[in-house]
Structures are given as C-alpha cells and as structure tokens.
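So this block is structure_23.cif, mmCIF, C-alpha atoms:
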```cif
data_final
loop_
_atom_site.label_atom_id
_atom_site.label_comp_id
_atom_site.auth_asym_id
_atom_site.auth_seq_id
_atom_site.Cartn_x
_atom_site.Cartn_y
_atom_site.Cartn_z
CA MET A 281 22.84 -11.83 7.70
CA LYS A 282 21.58 -15.40 7.42
CA SER A 283 18.78 -16.29 5.04
CA PRO A 284 15.35 -16.26 6.75
CA THR A 285 14.93 -19.88 5.68
CA THR A 286 18.15 -21.05 7.34
CA MET A 287 17.47 -23.90 9.78
CA GLY A 288 17.58 -22.66 13.37
CA THR A 289 16.07 -22.93 16.83
CA ASN A 290 12.47 -21.95 16.21
CA LEU A 291 10.38 -22.68 19.30
CA THR A 292 7.00 -21.50 18.01
CA GLY A 293 5.76 -24.87 16.71
CA ILE A 294 3.89 -27.37 18.84
CA ASP A 295 6.18 -30.21 17.76
CA MET A 296 9.06 -28.61 19.70
CA SER A 297 7.34 -29.47 23.02
CA PRO A 298 5.23 -32.62 22.54
CA ILE A 299 4.79 -33.38 26.28
CA GLN A 300 4.00 -29.82 27.38
CA SER A 301 1.68 -29.28 24.42
CA LYS A 302 -0.47 -32.22 25.49
CA GLU A 303 -0.63 -30.81 29.01
CA VAL A 304 -1.69 -27.41 27.70
CA ALA A 305 -4.40 -28.95 25.50
CA ALA A 306 -5.71 -31.07 28.41
CA GLU A 307 -5.79 -28.04 30.74
CA ALA A 308 -7.73 -26.03 28.16
CA LEU A 309 -10.42 -28.73 28.09
CA ARG A 310 -10.60 -28.79 31.90
CA THR A 311 -10.79 -25.01 32.33
CA PRO A 312 -14.22 -23.42 31.85
CA PRO A 313 -14.53 -20.21 29.77
CA SER A 314 -13.81 -17.01 31.69
CA SER A 315 -17.06 -15.44 30.43
CA GLU A 316 -20.45 -16.54 29.18
CA GLY A 317 -21.57 -16.50 25.55
CA ASP A 318 -19.90 -17.32 22.26
CA SER A 319 -18.67 -15.55 19.12
CA SER A 320 -22.19 -14.26 18.42
CA ASN A 321 -21.73 -11.81 21.31
CA LEU A 322 -18.66 -10.41 19.61
CA ARG A 323 -20.54 -10.03 16.33
CA GLU A 324 -23.37 -8.23 18.12
CA ASP A 325 -20.94 -5.83 19.79
CA ARG A 326 -19.24 -5.10 16.50
CA SER A 327 -22.58 -4.53 14.80
CA PHE A 328 -23.52 -2.05 17.53
CA TYR A 329 -20.38 0.01 16.93
CA ILE A 330 -20.80 -0.20 13.15
CA ARG A 331 -24.31 1.22 13.43
CA GLN A 332 -23.19 4.00 15.79
CA ALA A 333 -19.96 4.96 14.03
CA GLU A 334 -19.35 8.27 12.30
CA ARG A 335 -17.36 8.54 9.07
CA ILE A 336 -13.57 8.48 9.32
CA GLY A 337 -13.48 11.94 7.79
CA SER A 338 -14.94 14.10 5.06
CA VAL A 339 -13.99 15.87 1.85
CA PRO A 340 -13.97 19.62 2.51
CA PRO A 341 -15.31 22.06 -0.10
CA PRO A 342 -12.69 23.66 -2.36
CA GLY A 343 -11.05 26.64 -0.73
CA THR A 344 -10.86 28.85 -3.85
CA MET A 345 -13.53 30.52 -5.98
CA LYS A 346 -12.13 28.79 -9.07
CA GLY A 347 -12.43 25.45 -7.36
CA MET A 348 -15.94 26.21 -6.14
CA ALA A 349 -17.00 27.09 -9.67
CA LYS A 350 -15.67 23.82 -11.09
CA THR A 351 -17.28 21.84 -8.29
CA SER A 352 -20.64 23.55 -8.82
CA LEU A 353 -20.46 22.83 -12.54
CA LYS A 354 -20.01 19.12 -11.93
CA LYS A 355 -22.82 19.13 -9.37
CA ILE A 356 -25.16 20.56 -11.99
CA THR A 357 -24.34 17.74 -14.39
CA GLY A 358 -25.13 15.18 -11.69
CA LYS A 359 -21.56 14.14 -10.90
CA LYS A 360 -19.94 14.14 -7.48
CA PRO A 361 -16.48 15.74 -7.73
CA GLU A 362 -15.90 15.12 -4.02
CA VAL A 363 -15.47 11.42 -4.83
CA PHE A 364 -12.85 12.33 -7.42
CA ILE A 365 -11.05 14.59 -4.94
CA ASP A 366 -11.14 11.84 -2.33
CA LYS A 367 -9.53 9.32 -4.71
CA LEU A 368 -6.96 11.89 -5.80
CA SER A 369 -6.02 12.41 -2.15
CA GLU A 370 -5.78 8.65 -1.73
CA ARG A 371 -3.31 8.36 -4.61
CA LEU A 372 -1.32 11.31 -3.28
CA ALA A 373 -0.95 9.57 0.07
CA PHE A 374 -0.06 6.29 -1.58
CA GLU A 375 2.57 7.78 -3.88
CA ARG A 376 4.13 9.60 -0.93
CA THR A 377 4.30 6.29 0.92
CA GLY A 378 5.65 4.57 -2.21
CA THR A 379 8.50 7.06 -2.46
CA ARG A 380 9.46 6.41 1.17
CA LEU A 381 9.07 2.68 0.64
CA TYR A 382 11.64 2.61 -2.15
CA GLU A 383 13.96 4.95 -0.23
CA SER A 384 14.01 2.47 2.63
CA PHE A 385 14.43 -0.55 0.39
CA ILE A 386 17.26 1.00 -1.62
CA ASN A 387 19.07 1.77 1.63
CA LYS A 388 18.62 -1.84 2.76
CA CYS A 389 19.91 -3.12 -0.58
CA LYS A 390 23.03 -0.97 -0.40
CA THR A 391 23.64 -1.94 3.22
CA ARG A 392 23.31 -5.68 2.59
CA GLU A 393 25.59 -5.50 -0.50
CA ASN A 394 23.73 -8.37 -2.14
CA GLU A 395 25.28 -9.30 -5.50
CA ILE A 396 21.88 -9.90 -7.10
CA VAL A 397 20.36 -6.62 -6.00
CA ALA A 398 23.43 -4.54 -6.91
CA ASP A 399 22.40 -4.59 -10.57
CA TRP A 400 18.84 -3.66 -9.62
CA ILE A 401 19.66 -0.51 -7.67
CA PRO A 402 19.56 1.85 -10.72
CA ILE A 403 16.14 0.40 -11.63
CA LEU A 404 14.90 0.82 -8.07
CA GLU A 405 16.15 4.41 -8.01
CA GLN A 406 14.27 5.13 -11.24
CA ILE A 407 11.10 3.65 -9.74
CA ARG A 408 11.52 5.84 -6.68
CA SER A 409 11.91 8.93 -8.88
CA GLU A 410 8.78 8.04 -10.84
CA GLU A 411 6.79 7.48 -7.67
CA PHE A 412 7.78 10.98 -6.57
CA GLN A 413 6.83 12.38 -9.99
CA HIS A 414 3.41 10.74 -9.72
CA MET A 415 2.94 12.39 -6.34
CA VAL A 416 3.70 15.79 -7.91
CA TRP A 417 1.20 15.16 -10.73
CA VAL A 418 -1.57 14.25 -8.30
CA LYS A 419 -0.81 17.28 -6.11
CA LYS A 420 -1.16 19.56 -9.15
CA ALA A 421 -4.38 17.81 -10.17
CA ILE A 422 -5.89 18.45 -6.73
CA GLU A 423 -4.85 22.09 -6.87
CA THR A 424 -6.34 22.41 -10.37
CA LEU A 425 -9.71 21.52 -8.84
CA GLY A 426 -9.22 24.21 -6.23
CA ALA A 427 -8.89 21.64 -3.47
CA ASP A 428 -6.25 21.40 -0.74
CA PRO A 429 -3.64 18.64 -1.30
CA THR A 430 -2.70 18.70 2.39
CA THR A 431 -6.17 17.52 3.44
CA MET A 432 -6.42 13.99 4.80
CA THR A 433 -9.62 12.74 3.17
CA PRO A 434 -11.34 9.47 4.20
CA SER A 435 -9.71 7.36 1.46
CA ALA A 436 -6.31 8.92 2.11
CA ASP A 437 -6.67 8.12 5.81
CA THR A 438 -7.72 4.49 5.36
CA ASN A 439 -5.07 3.99 2.69
CA ALA A 440 -2.37 5.28 5.03
CA VAL A 441 -3.47 2.81 7.70
CA ALA A 442 -3.53 -0.07 5.20
CA SER A 443 -0.01 0.81 4.01
CA MET A 444 1.52 0.80 7.49
CA GLY A 445 2.21 -2.93 7.47
CA VAL A 446 4.10 -2.76 4.18
CA LEU A 447 6.32 0.05 5.47
CA GLN A 448 6.95 -1.80 8.72
CA VAL A 449 8.14 -4.90 6.86
CA VAL A 450 10.57 -2.97 4.68
CA ASN A 451 11.85 -0.79 7.55
CA ASP A 452 12.34 -3.75 9.89
CA PRO A 453 16.13 -4.36 9.99
CA ARG A 454 15.51 -8.10 10.50
CA THR A 455 13.59 -8.70 7.27
CA SER A 456 15.44 -10.10 4.28
CA LEU A 457 15.54 -8.56 0.83
CA SER A 458 13.09 -11.14 -0.53
CA GLU A 459 10.66 -10.49 2.35
CA SER A 460 10.92 -6.75 1.74
CA VAL A 461 10.31 -7.15 -1.99
CA GLN A 462 7.26 -9.28 -1.29
CA ALA A 463 5.84 -6.44 0.82
CA ILE A 464 6.58 -3.97 -1.99
CA LEU A 465 4.82 -6.32 -4.40
CA ILE A 466 1.63 -5.94 -2.34
CA ALA A 467 1.94 -2.16 -2.68
CA GLU A 468 2.56 -2.30 -6.42
CA LEU A 469 -0.47 -4.50 -7.05
CA THR A 470 -2.63 -2.00 -5.17
CA ASP A 471 -0.96 0.94 -6.91
CA ASN A 472 -1.72 -0.43 -10.37
CA ASP A 473 -5.40 -0.91 -9.64
CA GLY A 474 -5.57 2.52 -8.04
CA TRP A 475 -4.24 4.22 -11.18
CA VAL A 476 -6.59 2.24 -13.42
CA LEU A 477 -9.58 3.49 -11.43
CA LEU A 478 -8.31 7.07 -11.16
CA THR A 479 -7.66 7.31 -14.91
CA LYS A 480 -11.15 6.06 -15.68
CA LEU A 481 -12.66 8.42 -13.13
CA ALA A 482 -10.80 11.41 -14.61
CA LEU A 483 -12.16 10.60 -18.07
CA GLU A 484 -15.71 10.27 -16.76
CA MET A 485 -15.33 13.62 -14.98
CA GLY A 486 -14.29 15.24 -18.23
CA MET A 487 -10.71 15.86 -17.08
CA GLU A 488 -8.96 14.67 -20.25
CA ASP A 489 -5.64 16.40 -19.53
CA MET A 490 -5.46 14.80 -16.10
CA ALA A 491 -6.40 11.43 -17.57
CA ARG A 492 -3.48 11.64 -20.01
CA ASP A 493 -1.03 12.27 -17.17
CA PHE A 494 -2.60 9.48 -15.15
CA GLN A 495 -2.27 7.09 -18.09
CA VAL A 496 1.48 7.82 -18.20
CA ALA A 497 1.65 7.09 -14.48
CA LEU A 498 -0.25 3.84 -15.02
CA ASP A 499 2.21 2.84 -17.76
CA HIS A 500 5.05 3.48 -15.32
CA GLU A 501 3.34 1.45 -12.61
CA ARG A 502 2.88 -1.53 -14.90
CA VAL A 503 6.64 -1.56 -15.51
CA HIS A 504 7.24 -1.19 -11.76
CA LEU A 505 5.06 -4.22 -11.08
CA GLU A 506 6.79 -6.30 -13.73
CA ASN A 507 10.22 -5.43 -12.32
CA ILE A 508 9.29 -6.12 -8.71
CA ARG A 509 7.77 -9.47 -9.66
CA LYS A 510 10.97 -10.36 -11.49
CA LEU A 511 13.23 -9.28 -8.62
CA HIS A 512 11.14 -11.16 -6.05
CA GLU A 513 11.27 -14.35 -8.09
CA GLU A 514 15.00 -14.00 -8.65
CA LEU A 515 15.73 -13.57 -4.94
CA VAL A 516 13.54 -16.47 -3.84
CA MET A 517 14.90 -18.80 -6.50
CA ARG A 518 18.46 -17.93 -5.48
CA GLU A 519 17.64 -18.60 -1.82
CA ALA A 520 16.25 -21.99 -2.83
CA ARG A 521 19.37 -22.60 -4.94
CA VAL A 522 17.34 -23.52 -7.99
CA ALA A 523 18.51 -20.57 -10.10
#
```
Would you mind giving the structure from this file in structure tokens?
Amino acid sequence: MKSPTTMGTNLTGIDMSPIQSKEVAAEALRTPPSSEGDSSNLREDRSFYIRQAERIGSVPPPGTMKGMAKTSLKKITGKKPEVFIDKLSERLAFERTGTRLYESFINKCKTRENEIVADWIPILEQIRSEEFQHMVWVKKAIETLGADPTTMTPSADTNAVASMGVLQVVNDPRTSLSESVQAILIAELTDNDGWVLLTKLALEMGMEDMARDFQVALDHERVHLENIRKLHEELVMREARVA
C-alpha cells in the first residue's frame, strides 16, 4: 500500500480546474437562494428542538436490595450515586470500544507487515489486554453498587456515538497505520481524562477500594498514551523521511 502522502491524482482541490471553478463561482453569484432567510432561521429551528427534546436516556434504579440500600445511603448524605453509575457505564462502554479498537489495529499491523510496527505488536497486545481488564473492573464496580452493567445509560450512549468515528478510521482498510494511530490517540486522550474524573468521583463517593483499582487503570492509561504518542511520531517521521 502506498503512503497516504504519496503524490497522486487528487481532484478535490479548486486548483485542478481553474476554468471550471471560475464558472461555478460566477454561477453561484447569479443564482438566487432556493429559500428565504439566513442562518438565523437554522439557529431558531435548532433552539426549538433543543427546548422540546427529552433526555437521551436515564439511569435506572439498582435492581437488587443491596444496591437499593447503598443508593439510599448516598441519597441521605446528599450525594447522587446515579451520576456515579452513569460515569461507570460510560467507562465500561469506552473500554469495550478500546479493546475492539486495538484488536482491529493489531490486525491491520500484522496484515501490513510494517517493519516499524512489528516491534510494537507485543506492546499493542499488552495495551489491548489491559483495556479488557479495565472493562472487567468497571463491570464489577457497577455490580457492587447493585446496578446493571448491561444498561445503556445516557453517558454510555453519547460516548458510543462519539467513539464511532475513531472505530471507522481504524477499521477502514484504506487508512494507513499513521492515520489509524492518530485516531487511537484521540481515544487515549479521552480515556485518560475519563479515568481521572472517575477516580476522583469514586473517592468523593466514599468508594476507596474502587478508587484504588481505578488509579491502577489510570496508571496503565498514562503509559498507553505515552506509547501511542511515540508510535504516531515514529510513523509520521518515517513517512517524512526525517527519522
């Protein structure tokens, strides 16, 4: 596969058709708008839907008596455990996606047989294993609270939608290794911040045991981020032939 930066016939730029581009621009000036109004109409329509919209979802009450008791206890002290459960579900969804993300990338690396990435495959496989372990830890944490780890809470739902683009880049057979790593870098940056917040939230909720596990996960994620940054830089520098 050629490098994505290899010179080729790219017809998307306006400079490729100087005569036709002038004709298109002139025709746009001559043609009146197909509808009345301006961008303020679009803002008004969006505002209407924002005001009318329901929530994406909700956090259901714990399904066990043990979970209900723990939830009630936190309610009495003025805390909202449903927020904690929502963020736990978010991390569960993200770690599940992260595991699949690395599975896909490892497969692409092995298929491309890139000499740079060959040495990185054991590291990538370790990252994948740790992402899976994090998912197991979060699942157990949700169950400890008496909640259902299979529930798609609002944050889990929105996070899954936000992650779709990253997965699509890595799974696209046309994308290069450096492009795929850049997409993974976006995920790792988000993952690190997510674990920072979740660890702090666990401590504030009085869940010290959970917080200790989450801190280990955060330590792992910091190493993941450092490695992915390094691999991305190495691939790009090699493509530019400056390394």
Counting only C-alpha atoms, what is within 12 Å of range 481-493 of chain A, bar same-chain residues fewer than 3 positions away, as a PDB file with C-alpha atoms, in the coordinates of the input?
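part-v8.pdb, written as the output of this step:
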```pdb
ATOM      1  CA  LYS A 350     -15.670  23.820 -11.090  1.00  0.00           C
ATOM      2  CA  THR A 351     -17.280  21.840  -8.290  1.00  0.00           C
ATOM      3  CA  LEU A 353     -20.460  22.830 -12.540  1.00  0.00           C
ATOM      4  CA  LYS A 354     -20.010  19.120 -11.930  1.00  0.00           C
ATOM      5  CA  LYS A 355     -22.820  19.130  -9.370  1.00  0.00           C
ATOM      6  CA  THR A 357     -24.340  17.740 -14.390  1.00  0.00           C
ATOM      7  CA  GLY A 358     -25.130  15.180 -11.690  1.00  0.00           C
ATOM      8  CA  LYS A 359     -21.560  14.140 -10.900  1.00  0.00           C
ATOM      9  CA  LYS A 360     -19.940  14.140  -7.480  1.00  0.00           C
ATOM     10  CA  PRO A 361     -16.480  15.740  -7.730  1.00  0.00           C
ATOM     11  CA  GLU A 362     -15.900  15.120  -4.020  1.00  0.00           C
ATOM     12  CA  VAL A 363     -15.470  11.420  -4.830  1.00  0.00           C
ATOM     13  CA  PHE A 364     -12.850  12.330  -7.420  1.00  0.00           C
ATOM     14  CA  ILE A 365     -11.050  14.590  -4.940  1.00  0.00           C
ATOM     15  CA  ASP A 366     -11.140  11.840  -2.330  1.00  0.00           C
ATOM     16  CA  LYS A 367      -9.530   9.320  -4.710  1.00  0.00           C
ATOM     17  CA  LEU A 368      -6.960  11.890  -5.800  1.00  0.00           C
ATOM     18  CA  GLN A 413       6.830  12.380  -9.990  1.00  0.00           C
ATOM     19  CA  HIS A 414       3.410  10.740  -9.720  1.00  0.00           C
ATOM     20  CA  MET A 415       2.940  12.390  -6.340  1.00  0.00           C
ATOM     21  CA  VAL A 416       3.700  15.790  -7.910  1.00  0.00           C
ATOM     22  CA  TRP A 417       1.200  15.160 -10.730  1.00  0.00           C
ATOM     23  CA  VAL A 418      -1.570  14.250  -8.300  1.00  0.00           C
ATOM     24  CA  LYS A 419      -0.810  17.280  -6.110  1.00  0.00           C
ATOM     25  CA  LYS A 420      -1.160  19.560  -9.150  1.00  0.00           C
ATOM     26  CA  ALA A 421      -4.380  17.810 -10.170  1.00  0.00           C
ATOM     27  CA  ILE A 422      -5.890  18.450  -6.730  1.00  0.00           C
ATOM     28  CA  GLU A 423      -4.850  22.090  -6.870  1.00  0.00           C
ATOM     29  CA  THR A 424      -6.340  22.410 -10.370  1.00  0.00           C
ATOM     30  CA  LEU A 425      -9.710  21.520  -8.840  1.00  0.00           C
ATOM     31  CA  GLY A 474      -5.570   2.520  -8.040  1.00  0.00           C
ATOM     32  CA  TRP A 475      -4.240   4.220 -11.180  1.00  0.00           C
ATOM     33  CA  VAL A 476      -6.590   2.240 -13.420  1.00  0.00           C
ATOM     34  CA  LEU A 477      -9.580   3.490 -11.430  1.00  0.00           C
ATOM     35  CA  LEU A 478      -8.310   7.070 -11.160  1.00  0.00           C
ATOM     36  CA  VAL A 496       1.480   7.820 -18.200  1.00  0.00           C
ATOM     37  CA  ALA A 497       1.650   7.090 -14.480  1.00  0.00           C
ATOM     38  CA  LEU A 498      -0.250   3.840 -15.020  1.00  0.00           C
ATOM     39  CA  ASP A 499       2.210   2.840 -17.760  1.00  0.00           C
ATOM     40  CA  HIS A 500       5.050   3.480 -15.320  1.00  0.00           C
TER      41      HIS A 500
END
```
For this session: Name the closest residue to Tyr382 in chain A among the candidates A:Thr431, A:Ser409, A:Gln495, A:Ser369; distances are taken between atoms, counting all atoms listed in the file.
Result: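 Closest to Tyr382 in chain A, using all atoms listed in the file: A:Ser409.
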For this session: Starting from the shown file, work through the PyMOL selection byres ((chain A and resi 389-402) around 10) and note down what comes out as a PyMOL selection string.
Result: chain A and resi 281+384-388+403-408+456-457+460+507-508+511+514-515+518
For this session: Quote the spacing between CA of Phe494 in chain A and CA of Gly337 in chain A in Å to one decimal place.
Result: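 It comes out at 25.5 Å.
The spacing separating CA of Ile464 in chain A from CA of Pro429 in chain A amounts to 24.8 Å.
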Could I get range 415-427 of chain A rebuilt with N, CA and C atoms, written as a PDB file, in the frame of the given file?
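What follows is the written file part-v4.pdb:
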```
ATOM      1  N   MET A 415       3.452  11.625  -7.467  1.00  0.00           N
ATOM      2  CA  MET A 415       2.940  12.390  -6.340  1.00  0.00           C
ATOM      3  C   MET A 415       2.782  13.864  -6.728  1.00  0.00           C
ATOM      4  N   VAL A 416       3.758  14.385  -7.466  1.00  0.00           N
ATOM      5  CA  VAL A 416       3.700  15.790  -7.910  1.00  0.00           C
ATOM      6  C   VAL A 416       2.526  15.991  -8.857  1.00  0.00           C
ATOM      7  N   TRP A 417       2.308  15.052  -9.773  1.00  0.00           N
ATOM      8  CA  TRP A 417       1.200  15.160 -10.730  1.00  0.00           C
ATOM      9  C   TRP A 417      -0.141  15.183 -10.000  1.00  0.00           C
ATOM     10  N   VAL A 418      -0.295  14.310  -9.025  1.00  0.00           N
ATOM     11  CA  VAL A 418      -1.570  14.250  -8.300  1.00  0.00           C
ATOM     12  C   VAL A 418      -1.774  15.529  -7.485  1.00  0.00           C
ATOM     13  N   LYS A 419      -0.716  16.023  -6.880  1.00  0.00           N
ATOM     14  CA  LYS A 419      -0.810  17.280  -6.110  1.00  0.00           C
ATOM     15  C   LYS A 419      -1.303  18.411  -7.019  1.00  0.00           C
ATOM     16  N   LYS A 420      -0.739  18.512  -8.213  1.00  0.00           N
ATOM     17  CA  LYS A 420      -1.160  19.560  -9.150  1.00  0.00           C
ATOM     18  C   LYS A 420      -2.612  19.351  -9.584  1.00  0.00           C
ATOM     19  N   ALA A 421      -3.006  18.103  -9.768  1.00  0.00           N
ATOM     20  CA  ALA A 421      -4.380  17.810 -10.170  1.00  0.00           C
ATOM     21  C   ALA A 421      -5.366  18.264  -9.090  1.00  0.00           C
ATOM     22  N   ILE A 422      -5.030  18.023  -7.833  1.00  0.00           N
ATOM     23  CA  ILE A 422      -5.890  18.450  -6.730  1.00  0.00           C
ATOM     24  C   ILE A 422      -5.991  19.972  -6.688  1.00  0.00           C
ATOM     25  N   GLU A 423      -4.861  20.633  -6.884  1.00  0.00           N
ATOM     26  CA  GLU A 423      -4.850  22.090  -6.870  1.00  0.00           C
ATOM     27  C   GLU A 423      -5.624  22.665  -8.053  1.00  0.00           C
ATOM     28  N   THR A 424      -5.587  21.967  -9.196  1.00  0.00           N
ATOM     29  CA  THR A 424      -6.340  22.410 -10.370  1.00  0.00           C
ATOM     30  C   THR A 424      -7.836  22.459 -10.064  1.00  0.00           C
ATOM     31  N   LEU A 425      -8.296  21.551  -9.218  1.00  0.00           N
ATOM     32  CA  LEU A 425      -9.710  21.520  -8.840  1.00  0.00           C
ATOM     33  C   LEU A 425     -10.026  22.516  -7.728  1.00  0.00           C
ATOM     34  N   GLY A 426      -9.000  23.244  -7.295  1.00  0.00           N
ATOM     35  CA  GLY A 426      -9.220  24.210  -6.230  1.00  0.00           C
ATOM     36  C   GLY A 426      -9.250  23.594  -4.849  1.00  0.00           C
ATOM     37  N   ALA A 427      -8.874  22.332  -4.750  1.00  0.00           N
ATOM     38  CA  ALA A 427      -8.890  21.640  -3.470  1.00  0.00           C
ATOM     39  C   ALA A 427      -7.523  21.735  -2.798  1.00  0.00           C
TER      40      ALA A 427
END
```
